[in-house]
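Report on the following structure.
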Amino acid sequence: MDIPWTLQTGAGAWNPLLWLVGFAVAFGVAWLVRSRGRPDNRSGDALKPFISGNEEPENAGGHIPASNLYWGFTEAMKTYYSRLVPFHTGIPSDYVAWLLGVMALMLVIALTV
Amino acid sequence: MMDSLALHLPALLVAIPLFTAFLIPLAGRAGDTARSALVLLGAALTSLAGLALAARVFARGTVLYVFGAAAPHAAIPMDSGGIPIRIIFQVDALGALMVVIASLSSLAIALYSLAAESRQSGKDGFYSMLFLLVTGVLGMVSTGDLFNFFVFLEISSLAGAALVAYRIDKGEAVEGGLKYALLSTVGALSVLMAIGILFAQYNALNIATVASRLRFGSLDMIALVLLAVPLAMKCGAVPMHFWTPDTYTTAPSSITALLVVSSQASLYGLFRILFTLYGDLLRFNWAVFGWFLVILGALSAFVGVTMAIPQKDVKRLMAYHAVSQTGYMLLGVGVGLAVFADAGALAAYGKTAMAGGLFHIINHAMYKGLLFLTAGAVFYRTGTRNLNRLGGLGHAMPWTMVFFMIGALAIAGIPPFNGFASKLLIYESVFRFSPFLAILAMVVSILTLASFVKVFHSMFMGPPRAEFAGVREVPAPMIAGMAILAAFVILAGLVPQVFVDRMIAPAVNALVDRAGYIAAILGGH
């Protein structure tokens, strides 16, 4: 049976509406489980974050700036970035040189292959 | 009356934004309200004409419009020696797809700009240039003539460069505009030289006519490279992408969203050249140029996203993502091009890959436009694009945050948004061509998600910051502009098959049907 609005991908199929129904069912089950929990366990110390025994910082100091995010990723990829970033010189003549370089390479390939 | 209007829709498609562009300075003399009303009317009529034309093409097939002819369909005059000498617009399903993109985006962007630019001076020139840019883009995707394509490419490039440099901010904007103008001019000169080579050989400028006469000699191959490489540069393909972050970052956000559409018009031009002008089944070297697109696509996807992750300027980060997403389009259509001569592979996965690539064009225009508009909304209220300085804005700008989330989830390929649908088509089809490339595409999506989690956290999460205490949500027209694009992102994600069946599959068929494109012009001769 063909289910309407199903995207045929050649190797499979994808129906977002069915996915949404599945999502709603999962959400319903989660809500059901949560609603059966102990209501008296939602106050007092249970609400405080545990930060390895440290004091919770003030709100304004709790926001991590963008530069500190993914530090590990960029550090691990340092060699890659140290080679890639210098190509981005910001100099317009370099940009034109890349265009002409690709054009020259393609000319050689197109005329010889 | 309605029939006559419908008949002249291709002409109206460029006439409306062109006249609006030149009327705006006059309306500006009557005041802000008159100018705003004209901008809104011009954008609405342009979109209406575009959507009506696209609907006609998807329902009835290719639409021809011959300027100056007694009958708009008379492509070849009796006394022209079999050459279509007049300016001809030829809008097939692929062109119609691009018209839909430009129509919807330009309406959303014009609406958004009314509020975003309300505090600025020099609005007459700004809106005139905006409509000229729209004219250029619509002309590029509608024309059936090589020289016309060059003219519209120039209109869009010059208007785009002027708009990038329009809001002078410590020289940054001028530098961005200059780089865009320089690269565009060098690229346009190359395109013009190629058109000259083809005209000198075949005595024609009409795409269908040149395609039917092409001999695939050395000069033709030189012309092909002179056409294809600058168009790949204009769409931001690595390693010719360097202008993209510099230009997209410094332009006003509404203009950046429109530049994305302009880049995609260049992508359309690239595909039109490769498939329609040169796409002879037996004589064209499909593998070489297919792999050219595939390599550019894979490089763009990976280099774009990895350069995006460390960025601190939100628009520069998004600009690198625009490069990365262009990679998916090049990859999808490139796979189709590479296997074009193999009928089995083309039917098994080539056409699906092309459908994914073309679907990603419209999806990307909508969610990337939306993301740039949300970045513009944040800048409008906070005056900074620096992610290290931003934070806690979710409390004060809930609508902007929701629109950003929709755009971010879509670009990362998270279901059920539109980016997932087109990426799924690309993953599954590209996997059958090369598992490595499919895995690379998936890794790029994961990195994209990571990058936008960082942006979301940096802009909207956290407690309200003291320096942004007075920040509130952006004005209603800006929300409305973002809402139009967000609505498309959700709709195309929820019912992707409807879009694929009605728009994308016909566009793929139009792209591979070179004989049909030629016959629409030369059929009776």
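In the structure tokens, chains take the letters A, B, ... in the order shown, each chain's residues start at 1, and ligands count up from 1 in the order shown.
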
If the cut-off is 6 Å, can you tell me the residues of chain B near chain A, counting only C-alpha atoms? I'd like them as a list in words. Lys179, Val229, Met240, Leu387, Asn388, Pro416, Leu425, Ser458, Gly462, Leu494, Val495 and Gln497 of chain B

Go ahead and save the residues from that selection, with N, CA, C and O atoms, as a PDB file, in the first residue's frame.
```pdb
ATOM      1  N   LYS B 179      35.603  43.600  -3.753  1.00  0.00           N
ATOM      2  CA  LYS B 179      36.011  42.225  -4.079  1.00  0.00           C
ATOM      3  C   LYS B 179      34.953  41.553  -4.947  1.00  0.00           C
ATOM      4  O   LYS B 179      35.276  40.849  -5.911  1.00  0.00           O
ATOM      5  N   VAL B 229      33.862  27.802 -15.480  1.00  0.00           N
ATOM      6  CA  VAL B 229      34.665  28.103 -14.279  1.00  0.00           C
ATOM      7  C   VAL B 229      34.215  29.407 -13.594  1.00  0.00           C
ATOM      8  O   VAL B 229      34.025  29.423 -12.376  1.00  0.00           O
ATOM      9  N   MET B 240      37.416  28.688  -5.251  1.00  0.00           N
ATOM     10  CA  MET B 240      37.201  30.038  -5.770  1.00  0.00           C
ATOM     11  C   MET B 240      36.161  30.752  -4.904  1.00  0.00           C
ATOM     12  O   MET B 240      35.445  31.634  -5.378  1.00  0.00           O
ATOM     13  N   LEU B 387      29.932  36.823  17.984  1.00  0.00           N
ATOM     14  CA  LEU B 387      29.297  35.793  18.808  1.00  0.00           C
ATOM     15  C   LEU B 387      29.834  35.798  20.241  1.00  0.00           C
ATOM     16  O   LEU B 387      29.134  35.380  21.164  1.00  0.00           O
ATOM     17  N   ASN B 388      31.058  36.280  20.434  1.00  0.00           N
ATOM     18  CA  ASN B 388      31.605  36.333  21.793  1.00  0.00           C
ATOM     19  C   ASN B 388      30.907  37.378  22.657  1.00  0.00           C
ATOM     20  O   ASN B 388      30.907  37.283  23.876  1.00  0.00           O
ATOM     21  N   PRO B 416      11.918  17.096  10.767  1.00  0.00           N
ATOM     22  CA  PRO B 416      11.277  16.954   9.466  1.00  0.00           C
ATOM     23  C   PRO B 416      11.406  18.207   8.607  1.00  0.00           C
ATOM     24  O   PRO B 416      10.476  18.536   7.878  1.00  0.00           O
ATOM     25  N   LEU B 425      17.982  12.494  -0.288  1.00  0.00           N
ATOM     26  CA  LEU B 425      18.065  12.112  -1.708  1.00  0.00           C
ATOM     27  C   LEU B 425      19.531  12.077  -2.160  1.00  0.00           C
ATOM     28  O   LEU B 425      19.946  11.172  -2.897  1.00  0.00           O
ATOM     29  N   SER B 458      25.440  30.730  21.507  1.00  0.00           N
ATOM     30  CA  SER B 458      26.109  32.016  21.669  1.00  0.00           C
ATOM     31  C   SER B 458      25.144  33.195  21.561  1.00  0.00           C
ATOM     32  O   SER B 458      25.319  34.203  22.240  1.00  0.00           O
ATOM     33  N   GLY B 462      21.582  31.296  27.614  1.00  0.00           N
ATOM     34  CA  GLY B 462      22.196  31.982  28.750  1.00  0.00           C
ATOM     35  C   GLY B 462      21.277  33.030  29.329  1.00  0.00           C
ATOM     36  O   GLY B 462      20.225  33.342  28.747  1.00  0.00           O
ATOM     37  N   LEU B 494       7.625  18.903   5.397  1.00  0.00           N
ATOM     38  CA  LEU B 494       6.516  18.013   5.760  1.00  0.00           C
ATOM     39  C   LEU B 494       5.966  17.236   4.563  1.00  0.00           C
ATOM     40  O   LEU B 494       5.539  16.098   4.709  1.00  0.00           O
ATOM     41  N   VAL B 495       5.942  17.874   3.407  1.00  0.00           N
ATOM     42  CA  VAL B 495       5.419  17.178   2.217  1.00  0.00           C
ATOM     43  C   VAL B 495       6.443  17.265   1.073  1.00  0.00           C
ATOM     44  O   VAL B 495       6.146  17.802   0.002  1.00  0.00           O
ATOM     45  N   GLN B 497       7.529  15.117  -1.006  1.00  0.00           N
ATOM     46  CA  GLN B 497       7.197  14.413  -2.242  1.00  0.00           C
ATOM     47  C   GLN B 497       6.355  15.287  -3.176  1.00  0.00           C
ATOM     48  O   GLN B 497       6.486  15.208  -4.394  1.00  0.00           O
TER      49      GLN B 497
END
```

In Å to one decimal, how far is atom CA of B:Ile490 from atom CA of B:Ala108? 15.5 Å

What is the distance, in Å and to one decimal place, between atom CA of A:Arg83 and atom CA of B:Val303?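 Answer for the atom CA of A:Arg83 to atom CA of B:Val303 separation: 11.7 Å.
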
From the options B:Val288, B:Ala348, B:Leu97, B:Val210, which residue's atoms come nearest to B:Leu146, counting only C-alpha atoms?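 Checking each candidate against B:Leu146, we get B:Val210 as the closest.
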
Quick one: residues within 7 Å of B:Ala375, only C-alpha atoms, excluding same-chain residues fewer than 4 positions away - as a list of chain:residue names?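 Close residues of B:Ala375: B:Val314, B:Lys315, B:Leu371, B:Phe379.
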
Extract, using only C-alpha atoms, all DNA, RNA and protein residues at most 12 Å from stretch 74-78 of chain B, discarding same-chain residues fewer than 6 positions from it, and format them as a ChimeraX atom specification. /B:63-68,84-90,144-145,206,208-209,518-525

Based on the backbone DSSP call, show me all residues of stretch 94-256 of chain B assigned helix (DSSP H, G or I), as a ChimeraX atom specification. /B:94-116,123-142,146-164,172-202,207-213,218-234,243-250,253-256

Residues just named, written with C-alpha atoms as a tab-separated table (two decimals), in the first residue's frame:
```
chain	number	residue	atom	x	y	z
B	94	LEU	CA	14.32	24.21	-14.44
B	95	GLY	CA	13.99	27.94	-15.14
B	96	ALA	CA	10.57	27.91	-13.47
B	97	LEU	CA	12.08	26.35	-10.34
B	98	MET	CA	14.60	29.18	-10.19
B	99	VAL	CA	11.84	31.75	-10.81
B	100	VAL	CA	9.93	30.36	-7.80
B	101	ILE	CA	13.07	30.72	-5.65
B	102	ALA	CA	13.71	34.31	-6.75
B	103	SER	CA	10.03	35.28	-6.44
B	104	LEU	CA	9.51	33.99	-2.92
B	105	SER	CA	12.88	35.20	-1.66
B	106	SER	CA	12.57	38.69	-3.13
B	107	LEU	CA	9.12	39.18	-1.58
B	108	ALA	CA	10.32	38.07	1.86
B	109	ILE	CA	13.47	40.20	1.55
B	110	ALA	CA	11.63	43.33	0.40
B	111	LEU	CA	9.19	43.00	3.29
B	112	TYR	CA	12.03	42.51	5.76
B	113	SER	CA	14.02	45.42	4.33
B	114	LEU	CA	11.16	47.88	4.85
B	115	ALA	CA	11.73	47.68	8.60
B	116	ALA	CA	15.41	46.74	8.63
B	123	LYS	CA	16.80	54.38	0.64
B	124	ASP	CA	15.94	55.42	-2.94
B	125	GLY	CA	19.21	54.05	-4.27
B	126	PHE	CA	19.08	51.03	-2.00
B	127	TYR	CA	15.69	49.83	-3.18
B	128	SER	CA	16.41	50.72	-6.81
B	129	MET	CA	19.51	48.52	-6.66
B	130	LEU	CA	17.58	45.78	-4.88
B	131	PHE	CA	15.02	45.63	-7.69
B	132	LEU	CA	17.78	45.75	-10.32
B	133	LEU	CA	19.38	42.77	-8.62
B	134	VAL	CA	16.05	40.94	-8.72
B	135	THR	CA	15.70	41.87	-12.41
B	136	GLY	CA	19.14	40.47	-13.15
B	137	VAL	CA	18.46	37.19	-11.36
B	138	LEU	CA	15.06	36.68	-13.00
B	139	GLY	CA	16.51	37.52	-16.40
B	140	MET	CA	19.41	35.07	-15.99
B	141	VAL	CA	17.08	32.16	-15.28
B	142	SER	CA	14.54	33.04	-17.99
B	146	LEU	CA	23.68	33.70	-24.36
B	147	PHE	CA	24.33	37.42	-24.70
B	148	ASN	CA	21.20	38.23	-22.72
B	149	PHE	CA	22.46	35.91	-20.03
B	150	PHE	CA	25.68	37.92	-19.90
B	151	VAL	CA	23.74	41.20	-19.69
B	152	PHE	CA	21.56	39.98	-16.83
B	153	LEU	CA	24.62	38.51	-15.12
B	154	GLU	CA	26.22	41.95	-15.29
B	155	ILE	CA	23.08	43.68	-14.00
B	156	SER	CA	22.92	41.35	-11.02
B	157	SER	CA	26.68	41.62	-10.36
B	158	LEU	CA	26.84	45.41	-10.51
B	159	ALA	CA	23.67	45.89	-8.46
B	160	GLY	CA	24.93	43.29	-6.00
B	161	ALA	CA	28.33	44.99	-5.62
B	162	ALA	CA	26.66	48.38	-5.15
B	163	LEU	CA	24.35	46.95	-2.48
B	164	VAL	CA	27.19	45.22	-0.62
B	172	GLU	CA	34.54	47.02	5.50
B	173	ALA	CA	31.48	47.16	3.26
B	174	VAL	CA	33.37	48.95	0.49
B	175	GLU	CA	36.07	46.28	0.61
B	176	GLY	CA	33.43	43.54	0.37
B	177	GLY	CA	31.73	45.31	-2.52
B	178	LEU	CA	35.03	45.88	-4.32
B	179	LYS	CA	36.01	42.23	-4.08
B	180	TYR	CA	32.60	41.15	-5.37
B	181	ALA	CA	32.81	43.68	-8.23
B	182	LEU	CA	36.35	42.63	-9.16
B	183	LEU	CA	35.68	38.89	-9.20
B	184	SER	CA	32.35	39.39	-10.96
B	185	THR	CA	33.96	41.56	-13.64
B	186	VAL	CA	36.81	39.13	-14.31
B	187	GLY	CA	34.26	36.30	-14.46
B	188	ALA	CA	31.92	38.27	-16.72
B	189	LEU	CA	34.78	39.11	-19.10
B	190	SER	CA	35.55	35.43	-19.37
B	191	VAL	CA	31.88	34.66	-20.06
B	192	LEU	CA	31.76	37.40	-22.70
B	193	MET	CA	34.90	36.02	-24.37
B	194	ALA	CA	33.32	32.56	-24.49
B	195	ILE	CA	30.13	33.94	-26.00
B	196	GLY	CA	32.27	35.75	-28.60
B	197	ILE	CA	34.03	32.50	-29.48
B	198	LEU	CA	30.71	30.70	-29.94
B	199	PHE	CA	29.15	33.57	-31.90
B	200	ALA	CA	32.16	33.77	-34.23
B	201	GLN	CA	31.81	30.09	-35.03
B	202	TYR	CA	28.07	29.57	-35.20
B	207	ILE	CA	21.30	28.78	-26.67
B	208	ALA	CA	19.19	26.22	-28.53
B	209	THR	CA	20.63	27.24	-31.89
B	210	VAL	CA	24.24	27.15	-30.71
B	211	ALA	CA	23.58	23.80	-28.99
B	212	SER	CA	22.21	22.34	-32.22
B	213	ARG	CA	25.25	23.48	-34.21
B	218	SER	CA	39.02	22.89	-29.41
B	219	LEU	CA	37.53	26.40	-29.51
B	220	ASP	CA	34.24	25.04	-28.20
B	221	MET	CA	36.02	23.38	-25.29
B	222	ILE	CA	37.89	26.60	-24.52
B	223	ALA	CA	34.55	28.44	-24.55
B	224	LEU	CA	33.09	25.82	-22.22
B	225	VAL	CA	35.84	26.31	-19.65
B	226	LEU	CA	35.57	30.10	-19.98
B	227	LEU	CA	31.85	29.79	-19.24
B	228	ALA	CA	31.81	27.07	-16.59
B	229	VAL	CA	34.67	28.10	-14.28
B	230	PRO	CA	33.53	31.72	-13.65
B	231	LEU	CA	29.97	30.52	-13.02
B	232	ALA	CA	31.33	27.97	-10.53
B	233	MET	CA	33.24	30.84	-8.91
B	234	LYS	CA	30.09	32.97	-8.77
B	243	TRP	CA	35.06	36.33	-1.99
B	244	THR	CA	31.98	34.75	-0.42
B	245	PRO	CA	32.71	35.27	3.30
B	246	ASP	CA	34.16	38.75	2.68
B	247	THR	CA	31.12	39.85	0.68
B	248	TYR	CA	28.30	38.09	2.52
B	249	THR	CA	29.59	39.31	5.88
B	250	THR	CA	29.69	42.99	5.05
B	253	SER	CA	21.58	40.93	5.83
B	254	SER	CA	18.62	41.26	3.48
B	255	ILE	CA	21.07	41.76	0.62
B	256	THR	CA	23.13	38.76	1.72
```

Two-atom distance - atom CA of B:Thr20, atom CA of B:Ala6 (Å):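 Computed distance, atom CA of B:Thr20 to atom CA of B:Ala6, equals 19.8 Å.
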
Determine which residues of stretch 1-205 of chain B DSSP labels as strand (DSSP E) from the backbone of this structure, then write them out as a count of residues only. 8

For B:Phe19, work out the shell of residues within 12 Å, counting only C-alpha atoms and skipping chain neighbours fewer than 3 positions away, then give it as a list of chain:residue names. B:Ala11, B:Leu12, B:Leu13, B:Val14, B:Ala15, B:Ile16, B:Phe22, B:Leu23, B:Ile24, B:Pro25, B:Leu26, B:Ala27, B:Leu38, B:Val39, B:Leu41, B:Gly42, B:Ala43, B:Leu45, B:Thr46, B:Tyr127, B:Ser128, B:Met129, B:Phe131, B:Leu132, B:Val134, B:Thr135

Applying 8 Å and only C-alpha atoms, which residues near B:Pro239 remain after dropping the ones on its own chain fewer than 2 positions away? List them as a PDB file with N, CA, C and O atoms, in the first residue's frame.
```pdb
ATOM      1  N   TRP A  98      43.347  32.424  -8.043  1.00  0.00           N
ATOM      2  CA  TRP A  98      42.715  31.098  -7.875  1.00  0.00           C
ATOM      3  C   TRP A  98      41.751  30.813  -9.018  1.00  0.00           C
ATOM      4  O   TRP A  98      41.694  29.703  -9.542  1.00  0.00           O
ATOM      5  N   LEU A  99      40.966  31.857  -9.388  1.00  0.00           N
ATOM      6  CA  LEU A  99      40.017  31.679 -10.499  1.00  0.00           C
ATOM      7  C   LEU A  99      40.777  31.325 -11.775  1.00  0.00           C
ATOM      8  O   LEU A  99      40.420  30.367 -12.482  1.00  0.00           O
TER       9      LEU A  99
ATOM     10  N   ALA B 237      32.073  28.091  -5.273  1.00  0.00           N
ATOM     11  CA  ALA B 237      32.693  26.770  -5.158  1.00  0.00           C
ATOM     12  C   ALA B 237      34.164  26.893  -4.755  1.00  0.00           C
ATOM     13  O   ALA B 237      34.890  27.737  -5.278  1.00  0.00           O
ATOM     14  N   HIS B 241      36.089  30.336  -3.647  1.00  0.00           N
ATOM     15  CA  HIS B 241      35.032  30.786  -2.750  1.00  0.00           C
ATOM     16  C   HIS B 241      35.435  31.984  -1.908  1.00  0.00           C
ATOM     17  O   HIS B 241      34.614  32.503  -1.161  1.00  0.00           O
ATOM     18  N   PHE B 242      36.689  32.432  -2.020  1.00  0.00           N
ATOM     19  CA  PHE B 242      37.238  33.370  -1.031  1.00  0.00           C
ATOM     20  C   PHE B 242      36.444  34.669  -0.918  1.00  0.00           C
ATOM     21  O   PHE B 242      36.405  35.279   0.136  1.00  0.00           O
ATOM     22  N   LEU B 296      34.528  19.761  -7.013  1.00  0.00           N
ATOM     23  CA  LEU B 296      34.227  21.090  -6.470  1.00  0.00           C
ATOM     24  C   LEU B 296      33.213  20.970  -5.334  1.00  0.00           C
ATOM     25  O   LEU B 296      33.317  21.645  -4.307  1.00  0.00           O
ATOM     26  N   LEU B 299      34.836  19.351  -2.148  1.00  0.00           N
ATOM     27  CA  LEU B 299      35.736  20.333  -1.530  1.00  0.00           C
ATOM     28  C   LEU B 299      34.946  21.448  -0.856  1.00  0.00           C
ATOM     29  O   LEU B 299      35.241  21.840   0.283  1.00  0.00           O
ATOM     30  N   SER B 300      33.932  21.951  -1.563  1.00  0.00           N
ATOM     31  CA  SER B 300      33.143  23.063  -1.024  1.00  0.00           C
ATOM     32  C   SER B 300      32.447  22.644   0.258  1.00  0.00           C
ATOM     33  O   SER B 300      32.426  23.393   1.245  1.00  0.00           O
TER      34      SER B 300
END
```

Contacts of stretch 431-448 of chain B within 10 Å, only C-alpha atoms, excl. fewer than 3 positions in-chain, as a PyMOL selection string: (chain A and resi 11) or (chain B and resi 294-295+297-299+301-306+308-309+321+324-325+327-328+331+335-336+338-339+345+348-350+353+408-409+411-414+419-420+423-424+426-428+451-454)
